[in-house]
>>> print(open('protein.csv').read())   # CSV, C-alpha atoms
chain,number,residue,atom,x,y,z
A,1,MET,CA,-11.1,78.7,27.7
A,2,SER,CA,-9.0,80.1,30.4
A,3,GLY,CA,-5.3,80.8,29.8
A,4,SER,CA,-4.5,78.2,32.4
A,5,MET,CA,-6.0,75.3,30.5
A,6,ASN,CA,-2.7,73.7,29.7
A,7,GLU,CA,-1.5,74.0,33.3
A,8,ASP,CA,-4.7,72.4,34.6
A,9,ALA,CA,-4.4,69.6,32.1
A,10,GLN,CA,-0.7,69.1,33.0
A,11,LYS,CA,-1.6,68.7,36.6
A,12,ILE,CA,-4.3,66.2,35.8
A,13,TRP,CA,-2.0,64.1,33.6
A,14,ASP,CA,0.9,64.3,36.1
A,15,GLU,CA,-1.4,62.9,38.7
A,16,ARG,CA,-2.5,60.1,36.5
A,17,TYR,CA,1.0,59.1,35.4
A,18,GLY,CA,2.2,59.4,38.9
A,19,GLN,CA,-0.2,56.8,40.2
A,20,GLU,CA,0.8,53.2,40.6
A,21,PRO,CA,-0.9,51.0,38.0
A,22,ALA,CA,-3.9,49.2,39.2
A,23,PRO,CA,-3.7,45.4,39.4
A,24,PRO,CA,-5.5,43.5,36.6
A,25,SER,CA,-9.2,43.0,37.2
A,26,SER,CA,-10.3,39.5,38.1
A,27,ASN,CA,-13.5,40.1,36.1
A,28,GLN,CA,-13.4,39.1,32.5
A,29,GLY,CA,-14.5,42.6,31.6
A,30,GLY,CA,-11.4,44.3,32.8
A,31,ASP,CA,-11.1,48.0,32.4
A,32,PRO,CA,-14.5,49.6,33.0
A,33,MET,CA,-14.1,52.7,30.8
A,34,HIS,CA,-12.1,52.2,27.6
A,35,TYR,CA,-13.6,49.7,25.1
A,36,THR,CA,-10.4,49.9,23.1
A,37,LEU,CA,-8.5,48.1,25.9
A,38,HIS,CA,-10.7,45.0,25.5
A,39,ASN,CA,-9.2,42.7,22.9
A,40,PHE,CA,-12.5,41.3,21.6
A,41,LEU,CA,-13.9,44.8,21.0
A,42,TYR,CA,-10.7,46.2,19.6
A,43,GLN,CA,-10.2,43.3,17.2
A,44,ASN,CA,-13.8,43.4,15.8
A,45,SER,CA,-14.5,47.1,15.8
A,46,ILE,CA,-11.1,48.6,15.0
A,47,ALA,CA,-8.4,46.1,13.9
A,48,LEU,CA,-10.5,44.2,11.3
A,49,PRO,CA,-12.1,47.3,9.7
A,50,THR,CA,-8.8,49.2,9.4
A,51,THR,CA,-6.2,46.5,8.8
A,52,GLY,CA,-8.3,43.6,7.5
A,53,ARG,CA,-7.1,41.3,10.2
A,54,LEU,CA,-8.3,40.5,13.7
A,55,ASP,CA,-4.8,40.5,15.0
A,56,GLY,CA,-3.9,43.7,13.2
A,57,TRP,CA,-2.8,47.0,14.9
A,58,ILE,CA,-3.1,50.4,13.3
A,59,VAL,CA,0.3,51.5,14.4
A,60,ALA,CA,2.1,48.5,13.0
A,61,ASP,CA,0.1,48.6,9.8
A,62,VAL,CA,1.0,52.3,9.3
A,63,GLY,CA,4.6,51.4,10.0
A,64,GLU,CA,4.7,48.7,7.5
A,65,ARG,CA,3.1,50.9,4.8
A,66,PHE,CA,4.8,54.2,5.3
A,67,MET,CA,7.9,53.8,7.5
A,68,LYS,CA,10.0,51.3,5.6
A,69,PRO,CA,12.8,51.8,5.2
A,70,ALA,CA,13.1,53.4,8.6
A,71,VAL,CA,12.5,57.2,8.6
A,72,LYS,CA,15.4,59.1,10.1
A,73,LYS,CA,13.8,61.5,12.5
A,74,VAL,CA,10.3,61.5,14.0
A,75,LEU,CA,8.6,64.2,16.2
A,76,ALA,CA,6.1,62.6,18.5
A,77,LEU,CA,3.5,64.8,20.3
A,78,GLY,CA,1.6,63.9,23.4
A,79,SER,CA,3.6,60.7,23.8
A,80,GLY,CA,2.6,59.8,27.3
A,81,MET,CA,5.1,57.2,28.6
A,82,ALA,CA,6.3,56.6,25.0
A,83,ILE,CA,5.1,53.0,24.9
A,84,ILE,CA,4.2,53.3,21.2
A,85,GLU,CA,7.3,55.3,20.4
A,86,GLU,CA,9.4,52.5,21.9
A,87,PHE,CA,7.6,50.1,19.6
A,88,LEU,CA,8.4,52.2,16.5
A,89,LEU,CA,12.0,52.2,17.4
A,90,LYS,CA,12.2,48.5,18.2
A,91,GLN,CA,10.5,47.6,14.9
A,92,ASP,CA,13.0,49.9,13.1
A,93,TYR,CA,10.3,52.1,11.7
A,94,ALA,CA,12.3,55.1,13.0
A,95,GLU,CA,15.9,55.8,13.7
A,96,HIS,CA,15.5,58.6,16.2
A,97,ILE,CA,12.4,60.0,18.0
A,98,VAL,CA,12.0,63.3,19.8
A,99,ALA,CA,8.9,63.0,22.0
A,100,TYR,CA,7.1,65.8,23.7
A,101,GLU,CA,4.8,65.2,26.7
A,102,PHE,CA,3.4,67.7,29.2
A,103,SER,CA,3.7,65.3,32.1
A,104,GLU,CA,7.1,65.2,33.7
A,105,ASN,CA,6.1,62.0,35.5
A,106,ALA,CA,5.5,60.3,32.1
A,107,CYS,CA,8.8,61.6,30.6
A,108,ARG,CA,10.7,60.4,33.7
A,109,ALA,CA,9.1,56.9,33.5
A,110,ALA,CA,9.8,56.6,29.8
A,111,MET,CA,13.5,57.5,30.2
A,112,GLU,CA,13.9,55.1,33.2
A,113,ARG,CA,12.4,52.3,31.1
A,114,VAL,CA,14.8,52.6,28.2
A,115,ALA,CA,17.9,53.5,30.3
A,116,GLY,CA,20.7,51.1,29.6
A,117,THR,CA,19.0,49.7,26.6
A,118,PRO,CA,19.9,50.2,22.9
A,119,LEU,CA,17.0,52.6,22.7
A,120,GLU,CA,18.5,55.1,25.2
A,121,GLY,CA,20.2,57.1,22.6
A,122,ARG,CA,17.4,56.9,20.1
A,123,LEU,CA,14.5,58.2,22.2
A,124,GLU,CA,14.6,61.8,23.4
A,125,MET,CA,11.9,62.8,25.9
A,126,ARG,CA,11.1,66.5,26.4
A,127,SER,CA,8.6,67.8,29.0
A,128,GLY,CA,7.2,71.1,27.9
A,129,ASP,CA,5.4,73.1,25.2
A,130,VAL,CA,6.7,72.3,21.7
A,131,LEU,CA,5.2,75.6,20.5
A,132,VAL,CA,7.7,77.6,22.5
A,133,ASP,CA,10.8,75.6,21.8
A,134,ASN,CA,11.3,77.0,18.3
A,135,LEU,CA,12.5,73.8,16.7
A,136,PRO,CA,14.2,74.2,13.4
A,137,SER,CA,12.1,74.2,10.2
A,138,GLU,CA,12.0,71.2,8.0
A,139,SER,CA,13.9,69.0,10.5
A,140,PHE,CA,11.6,66.0,10.8
A,141,ASP,CA,10.5,63.3,8.3
A,142,VAL,CA,7.4,62.4,10.3
A,143,VAL,CA,5.2,64.0,12.9
A,144,PHE,CA,3.5,61.2,14.8
A,145,VAL,CA,0.5,61.8,17.2
A,146,GLN,CA,-1.4,59.1,19.0
A,147,ALA,CA,-4.7,60.4,20.4
A,148,ALA,CA,-3.3,63.8,21.4
A,149,ILE,CA,-4.3,66.3,18.8
A,150,HIS,CA,-7.8,66.6,20.4
A,151,HIS,CA,-6.0,68.0,23.5
A,152,PHE,CA,-4.4,70.8,21.6
A,153,GLU,CA,-5.8,74.2,22.8
A,154,LYS,CA,-3.9,76.3,20.2
A,155,ILE,CA,-4.8,74.0,17.4
A,156,ASP,CA,-4.2,76.5,14.5
A,157,GLU,CA,-0.7,77.2,15.8
A,158,MET,CA,-0.1,73.4,16.2
A,159,PHE,CA,-1.0,72.6,12.6
A,160,ALA,CA,1.1,75.5,11.3
A,161,MET,CA,4.0,74.3,13.4
A,162,MET,CA,3.7,70.6,12.3
A,163,HIS,CA,3.7,71.8,8.7
A,164,ARG,CA,6.7,74.0,9.3
A,165,LEU,CA,8.7,71.3,11.0
A,166,LEU,CA,8.2,68.7,8.4
A,167,LYS,CA,10.6,68.3,5.5
A,168,PRO,CA,9.2,68.6,2.0
A,169,ASP,CA,6.9,65.6,1.4
A,170,GLY,CA,7.1,64.8,5.1
A,171,LEU,CA,4.2,62.9,6.7
A,172,LEU,CA,1.7,63.6,9.4
A,173,MET,CA,0.4,60.4,11.0
A,174,TYR,CA,-2.3,60.3,13.7
A,175,ASP,CA,-5.0,58.1,15.2
A,176,GLU,CA,-7.5,60.5,16.7
A,177,TYR,CA,-10.8,61.4,18.3
A,178,VAL,CA,-12.3,63.9,15.7
A,179,GLY,CA,-15.9,64.0,17.0
A,180,ASP,CA,-17.9,66.7,18.9
A,181,ASP,CA,-15.8,69.1,21.0
A,182,HIS,CA,-15.4,68.1,24.6
A,183,HIS,CA,-17.3,64.9,23.8
A,184,ILE,CA,-20.6,66.7,24.1
A,185,PHE,CA,-22.6,64.6,21.7
A,186,SER,CA,-25.6,65.5,19.6
A,187,ASP,CA,-29.1,64.9,20.7
A,188,GLU,CA,-29.5,62.3,17.9
A,189,VAL,CA,-26.5,60.3,19.1
A,190,VAL,CA,-27.7,60.4,22.7
A,191,GLU,CA,-31.2,59.2,21.6
A,192,ILE,CA,-29.7,56.2,19.8
A,193,LEU,CA,-27.5,55.4,22.8
A,194,ASN,CA,-30.6,55.4,25.1
A,195,GLN,CA,-32.5,53.1,22.7
A,196,LEU,CA,-29.6,50.7,22.8
A,197,ASN,CA,-29.3,51.0,26.6
A,198,ASP,CA,-33.1,50.2,26.9
A,199,SER,CA,-32.6,47.1,24.8
A,200,LEU,CA,-30.1,45.5,27.3
A,201,GLU,CA,-31.2,43.2,30.0
A,202,PRO,CA,-30.5,44.6,33.5
A,203,ARG,CA,-27.4,42.5,34.2
A,204,TYR,CA,-25.6,44.4,31.4
A,205,ARG,CA,-26.7,47.8,32.6
A,206,PHE,CA,-24.9,48.1,35.9
A,207,ASP,CA,-22.5,51.1,35.7
A,208,HIS,CA,-19.3,50.2,37.6
A,209,LEU,CA,-18.2,53.8,37.5
A,210,ALA,CA,-21.4,55.2,39.1
A,211,GLY,CA,-22.0,52.1,41.3
A,212,ALA,CA,-25.6,51.9,40.2
A,213,PRO,CA,-27.8,50.6,37.4
A,214,ARG,CA,-27.6,52.7,34.2
A,215,ASN,CA,-31.2,53.6,33.4
A,216,SER,CA,-30.4,56.3,30.9
A,217,ILE,CA,-27.4,57.9,29.2
A,218,HIS,CA,-27.1,61.6,29.5
A,219,ALA,CA,-25.2,64.0,27.3
A,220,ASN,CA,-21.9,65.3,28.8
A,221,THR,CA,-21.9,68.8,30.3
A,222,MET,CA,-19.2,71.4,29.9
A,223,GLU,CA,-18.9,71.6,33.7
A,224,ALA,CA,-18.3,67.8,33.9
A,225,MET,CA,-15.7,67.8,31.1
A,226,MET,CA,-13.9,70.8,32.6
A,227,ALA,CA,-13.5,68.9,35.9
A,228,LEU,CA,-12.4,65.7,34.1
A,229,ASP,CA,-9.8,67.3,31.8
A,230,PRO,CA,-10.3,70.9,30.4
A,231,SER,CA,-8.2,69.9,27.3
A,232,GLU,CA,-10.3,66.8,26.5
A,233,GLY,CA,-11.6,67.2,22.9
A,234,VAL,CA,-11.2,71.0,23.1
A,235,HIS,CA,-11.2,71.5,19.3
A,236,ALA,CA,-11.8,67.9,18.1
A,237,SER,CA,-14.3,68.9,15.4
A,238,ARG,CA,-11.6,71.1,13.7
A,239,ILE,CA,-9.0,68.4,13.4
A,240,LEU,CA,-10.1,67.0,10.0
A,241,PRO,CA,-10.8,70.4,8.3
A,242,LEU,CA,-7.3,71.6,9.4
A,243,THR,CA,-5.7,68.4,8.2
A,244,TYR,CA,-7.1,68.8,4.7
A,245,GLN,CA,-6.1,72.5,4.7
A,246,TRP,CA,-2.4,71.9,5.6
A,247,PHE,CA,-1.8,68.3,4.3
A,248,GLU,CA,-2.7,66.1,1.4
A,249,VAL,CA,-4.5,63.1,2.9
A,250,LEU,CA,-3.0,59.8,1.6
A,251,GLN,CA,-4.9,57.4,3.8
A,252,ARG,CA,-8.0,57.9,5.9
A,253,ARG,CA,-9.6,55.0,7.8
A,254,ASP,CA,-12.5,55.9,9.9
A,255,PHE,CA,-13.4,53.4,12.6
A,256,GLY,CA,-16.4,54.8,14.5
A,257,GLY,CA,-16.4,54.7,18.2
A,258,THR,CA,-19.3,57.2,18.0
A,259,LEU,CA,-21.6,54.8,19.9
A,260,LEU,CA,-19.2,52.2,21.2
A,261,ARG,CA,-17.1,54.5,23.4
A,262,PRO,CA,-20.0,56.2,25.4
A,263,PHE,CA,-22.2,53.1,25.3
A,264,PHE,CA,-19.7,50.6,26.8
A,265,CYS,CA,-18.2,53.1,29.2
A,266,GLY,CA,-18.9,51.9,32.8
A,267,ILE,CA,-20.6,48.7,31.8
A,268,LEU,CA,-17.6,46.8,30.3
A,269,PRO,CA,-17.0,44.6,33.4
A,270,ASN,CA,-20.5,43.1,32.9
A,271,PHE,CA,-19.3,41.3,29.8
A,272,ASP,CA,-17.4,38.0,30.0
A,273,TRP,CA,-15.6,37.8,26.7
A,274,ASN,CA,-15.3,34.0,27.0
A,275,ASP,CA,-19.1,33.7,27.0
A,276,GLU,CA,-20.5,33.5,23.5
A,277,ARG,CA,-23.8,35.1,24.7
A,278,ASP,CA,-22.0,38.2,25.8
A,279,ARG,CA,-19.9,38.3,22.6
A,280,THR,CA,-23.1,38.1,20.6
A,281,VAL,CA,-24.6,41.0,22.4
A,282,ALA,CA,-21.5,43.0,21.8
A,283,ARG,CA,-21.4,42.0,18.1
A,284,MET,CA,-25.0,43.3,17.7
A,285,ILE,CA,-24.0,46.7,19.2
A,286,MET,CA,-21.0,46.9,16.9
A,287,LEU,CA,-23.2,46.0,13.9
A,288,VAL,CA,-25.7,48.8,14.8
A,289,GLU,CA,-22.9,51.3,14.9
A,290,ARG,CA,-21.3,50.0,11.6
A,291,MET,CA,-24.7,50.2,9.8
A,292,LEU,CA,-25.4,53.7,11.0
A,293,LEU,CA,-21.9,54.8,10.0
A,294,GLN,CA,-22.1,53.2,6.5
A,295,LYS,CA,-25.5,54.7,5.8
A,296,GLY,CA,-24.4,58.2,6.8
A,297,VAL,CA,-26.7,58.5,9.7
A,298,ILE,CA,-24.0,59.2,12.3
A,299,PRO,CA,-20.4,60.5,11.8
A,300,SER,CA,-17.3,58.6,12.8
A,301,HIS,CA,-15.7,60.0,15.9
A,302,ASN,CA,-12.3,58.3,15.3
A,303,THR,CA,-10.0,58.1,12.4
A,304,ASP,CA,-6.5,57.0,11.3
A,305,ILE,CA,-4.8,59.5,9.0
A,306,VAL,CA,-1.6,59.5,7.0
A,307,ALA,CA,-1.1,62.8,5.2
A,308,ARG,CA,1.7,64.5,3.2
A,309,LYS,CA,2.8,68.1,3.8
A,310,ARG,CA,1.4,70.4,1.2
A,311,PRO,CA,3.9,72.8,-0.4
A,312,LYS,CA,1.6,75.6,0.8
A,313,PRO,CA,-1.5,75.4,2.9
A,314,LEU,CA,-4.8,75.8,1.2
A,315,PRO,CA,-7.5,78.4,2.3
A,316,PRO,CA,-9.6,77.2,5.2
A,317,MET,CA,-12.7,75.2,4.3
A,318,HIS,CA,-16.0,77.0,4.4
A,319,PRO,CA,-18.2,75.6,7.2
A,320,ALA,CA,-20.7,74.3,4.6
A,321,GLU,CA,-17.9,72.3,2.9
A,322,SER,CA,-16.8,70.6,6.1
A,323,ALA,CA,-20.2,70.2,7.8
A,324,ARG,CA,-20.3,66.5,7.0
A,325,ILE,CA,-16.6,65.8,7.0
A,326,GLY,CA,-17.0,63.0,9.6
A,327,PHE,CA,-19.7,61.2,7.6
A,328,ALA,CA,-19.1,58.3,5.2
A,329,ASP,CA,-20.8,60.2,2.3
A,330,TRP,CA,-18.6,63.3,2.6
A,331,VAL,CA,-16.7,64.2,-0.6
A,332,PRO,CA,-13.9,66.8,-0.3
A,333,PRO,CA,-14.2,69.9,-2.3
A,334,ALA,CA,-12.1,69.6,-5.5
A,335,LEU,CA,-9.4,71.9,-4.2
A,336,TYR,CA,-8.6,69.6,-1.3
A,337,GLY,CA,-8.2,66.4,-3.4
A,338,THR,CA,-10.1,63.1,-3.5
A,339,ARG,CA,-10.9,61.1,-0.4
A,340,PRO,CA,-9.0,57.9,0.0
A,341,GLU,CA,-11.3,54.9,0.0
A,342,ALA,CA,-12.4,54.4,3.6
A,343,VAL,CA,-14.6,51.3,3.2
A,344,PRO,CA,-14.5,48.2,1.0
A,345,PRO,CA,-16.5,48.4,-2.2
A,346,THR,CA,-19.1,46.0,-0.8
A,347,LEU,CA,-19.9,48.5,1.9
A,348,ARG,CA,-20.2,51.7,-0.2
A,349,VAL,CA,-22.5,54.2,1.3
A,350,THR,CA,-25.9,54.9,-0.1
A,351,PRO,CA,-27.6,58.3,0.3
A,352,ARG,CA,-28.0,59.5,3.9
A,353,ALA,CA,-31.1,58.4,5.9
A,354,PRO,CA,-31.5,60.7,8.9
A,355,TRP,CA,-32.3,58.9,12.1
A,356,ALA,CA,-35.7,60.6,12.4
A,357,GLU,CA,-36.7,59.2,9.0
A,358,MET,CA,-36.1,55.6,10.2
A,359,GLY,CA,-39.2,55.8,12.3
A,360,GLY,CA,-40.3,53.9,15.4
A,361,THR,CA,-38.9,53.8,18.9
A,362,ASN,CA,-37.2,50.4,18.8
A,363,ILE,CA,-33.8,50.6,17.0
A,364,VAL,CA,-33.8,47.1,15.7
A,365,ASP,CA,-37.3,47.4,14.3
A,366,SER,CA,-36.4,50.8,12.8
A,367,LEU,CA,-33.3,49.4,11.1
A,368,ARG,CA,-35.2,46.4,9.8
A,369,ARG,CA,-38.0,48.5,8.3
A,370,TRP,CA,-35.7,51.1,6.8
A,371,LEU,CA,-33.4,48.5,5.2
A,372,ALA,CA,-36.3,46.5,3.9
A,373,GLY,CA,-37.6,49.7,2.2
A,374,ARG,CA,-34.3,50.2,0.4
A,375,ARG,CA,-34.2,46.8,-1.3
>>> encode(input="protein.csv", output="structure tokens")
Amino acid sequence: MSGSMNEDAQKIWDERYGQEPAPPSSNQGGDPMHYTLHNFLYQNSIALPTTGRLDGWIVADVGERFMKPAVKKVLALGSGMAIIEEFLLKQDYAEHIVAYEFSENACRAAMERVAGTPLEGRLEMRSGDVLVDNLPSESFDVVFVQAAIHHFEKIDEMFAMMHRLLKPDGLLMYDEYVGDDHHIFSDEVVEILNQLNDSLEPRYRFDHLAGAPRNSIHANTMEAMMALDPSEGVHASRILPLTYQWFEVLQRRDFGGTLLRPFFCGILPNFDWNDERDRTVARMIMLVERMLLQKGVIPSHNTDIVARKRPKPLPPMHPAESARIGFADWVPPALYGTRPEAVPPTLRVTPRAPWAEMGGTNIVDSLRRWLAGRR
């Protein structure tokens, strides 16, 4: 990575936050890129598995579990326009939040939004690099990060800093992409994505980002990811090993996205969420991902973590110990503690079945044959 990665990323995010928001799409599909912005998909693939309710929200659920009574001081990193931080303050999960965001446009928008409201004195926005500000040690009760750790270039320094800034027994909370670095997925995942894509009828396969039918799904290239955002997923695969090294994990709730995020990207506007046929197709795609996650065939690329500051960090995990850290069947080495239950007892994982062992070229037939053989 070049030394200017942070500056390049800052320019990209300043441009994004400086744009006027696009008007809502008249198409029922809405946003073409992010499946998490579609209520039907969010409710069924994230809210229900993590909170147990279709109307649940990870942030509110974590607040209710771990931020009552209100924590005194929160450090938020990569806060964007601080929409979620504003929610934490309004719900009295936090008394005061110091929020860092590289984009000056985002910081300005956040402060303009809360100006003249009761939150003005409780939300402090700072545009800059938290690593160079030399904040006092043990000065925060919680470090809160919403989908930003995977942008940290100096990830070792960031984890050391988060640990240093937390008070004894302070909490790290995050909802993160923890998959392959730069979203350059494995050949196995790309193969599954293409089998799913081939199973769709043509009307679902029009890619609104490319402006053409999607006949196949290709792996991302480093060149393309550098042009999109050089910080995107830069050290994503190291987030979980570093978390267990510096913190005691109290809650871990994996929620996939391994297939759903790349699969639905670009084709989301083809789905009418008021149409039961379209909802059924989407449910089947979600079911395929859930089964492959539960059986240890693919790792989860997204997780929700609450972890307590260790008195002293542990030695780094050996690569062999963390090789399957994103899979449902991973068990932490004894030194790092037990893994909090990630799935209900009825969905306990059975021994891993590699994709290649499932046989066949049709994913549905392959799943049916493999599951029948395990009964």
>>> atom_distance(input="protein.csv", atom1="atom CA of Tyr174 of chain A", atom2="atom CA of Ile305 of chain A")
5.4 Å
>>> atom_distance(input="protein.csv", atom1="atom CA of Val114 of chain A", atom2="atom CA of Ile97 of chain A")
12.8 Å
>>> atom_distance(input="protein.csv", atom1="atom CA of Ser137 of chain A", atom2="atom CA of Glu64 of chain A")
26.7 Å
>>> residues_around(input="protein.csv", residues="Phe87 of chain A", least_positions_apart="4", cutoff="12 Å", atoms="all atoms listed in the file", output="list in words")
Trp57, Val59, Ala60, Gly63, Met81, Ala82, Ile83, Gln91, Asp92, Tyr93, Ala94, Glu95, Ile97, Val114, Leu119, Arg122 and Leu123 of chain A
>>> closest_residue(input="protein.csv", among="A:Phe102, A:Phe271, A:Phe144, A:Phe263", to="Ala307 of chain A", atoms="all atoms listed in the file")
A:Phe144
>>> closest_residue(input="protein.csv", among="A:Leu242, A:Leu88, A:Ala224, A:Leu75", to="Asp156 of chain A", atoms="all atoms listed in the file")
A:Leu242
>>> closest_residue(input="protein.csv", among="A:Arg113, A:Pro49, A:Arg252, A:Glu232", to="Leu287 of chain A", atoms="only C-alpha atoms")
A:Pro49
>>> residues_around(input="protein.csv", residues="Thr243 of chain A", least_positions_apart="5", cutoff="8 Å", atoms="all atoms listed in the file", output="ChimeraX atom specification")
/A:159,248-249,307
>>> residues_around(input="protein.csv", residues="Asn215 of chain A", least_positions_apart="2", cutoff="10 Å", atoms="all atoms listed in the file", output="list of chain:residue names")
A:Asn194, A:Asn197, A:Asp198, A:Pro202, A:Arg205, A:Phe206, A:Asp207, A:Ala212, A:Pro213, A:Ile217, A:His218
>>> write_last_selection(input="protein.csv", atoms="C-alpha atoms", output="mmCIF file, keeping the file's coordinate frame")
data_model
loop_
_atom_site.group_PDB
_atom_site.id
_atom_site.type_symbol
_atom_site.label_atom_id
_atom_site.label_comp_id
_atom_site.auth_asym_id
_atom_site.auth_seq_id
_atom_site.Cartn_x
_atom_site.Cartn_y
_atom_site.Cartn_z
ATOM 1 C CA ASN A 194 -30.600 55.400 25.100
ATOM 2 C CA ASN A 197 -29.300 51.000 26.600
ATOM 3 C CA ASP A 198 -33.100 50.200 26.900
ATOM 4 C CA PRO A 202 -30.500 44.600 33.500
ATOM 5 C CA ARG A 205 -26.700 47.800 32.600
ATOM 6 C CA PHE A 206 -24.900 48.100 35.900
ATOM 7 C CA ASP A 207 -22.500 51.100 35.700
ATOM 8 C CA ALA A 212 -25.600 51.900 40.200
ATOM 9 C CA PRO A 213 -27.800 50.600 37.400
ATOM 10 C CA ILE A 217 -27.400 57.900 29.200
ATOM 11 C CA HIS A 218 -27.100 61.600 29.500
#
>>> closest_residue(input="protein.csv", among="A:Arg324, A:Arg261, A:Arg253, A:Arg108", to="Thr51 of chain A", atoms="all atoms listed in the file")
A:Arg253
>>> residues_around(input="protein.csv", residues="Asp254 of chain A", least_positions_apart="4", cutoff="10 Å", atoms="all atoms listed in the file", output="PyMOL selection string")
chain A and resi 46+49-50+175-176+178+293+299-305+326-328+342-343
>>> residues_around(input="protein.csv", residues="Ile149 of chain A", least_positions_apart="6", cutoff="8 Å", atoms="only C-alpha atoms", output="list of chain:residue names")
A:Gly78, A:Ile155, A:Glu176, A:Ala236, A:Ile239
>>> closest_residue(input="protein.csv", among="A:Val306, A:Leu228, A:Tyr244, A:Arg279", to="Val331 of chain A", atoms="only C-alpha atoms")
A:Tyr244
>>> closest_residue(input="protein.csv", among="A:Pro241, A:Pro316, A:Pro136, A:Pro32", to="Leu209 of chain A", atoms="only C-alpha atoms")
A:Pro32
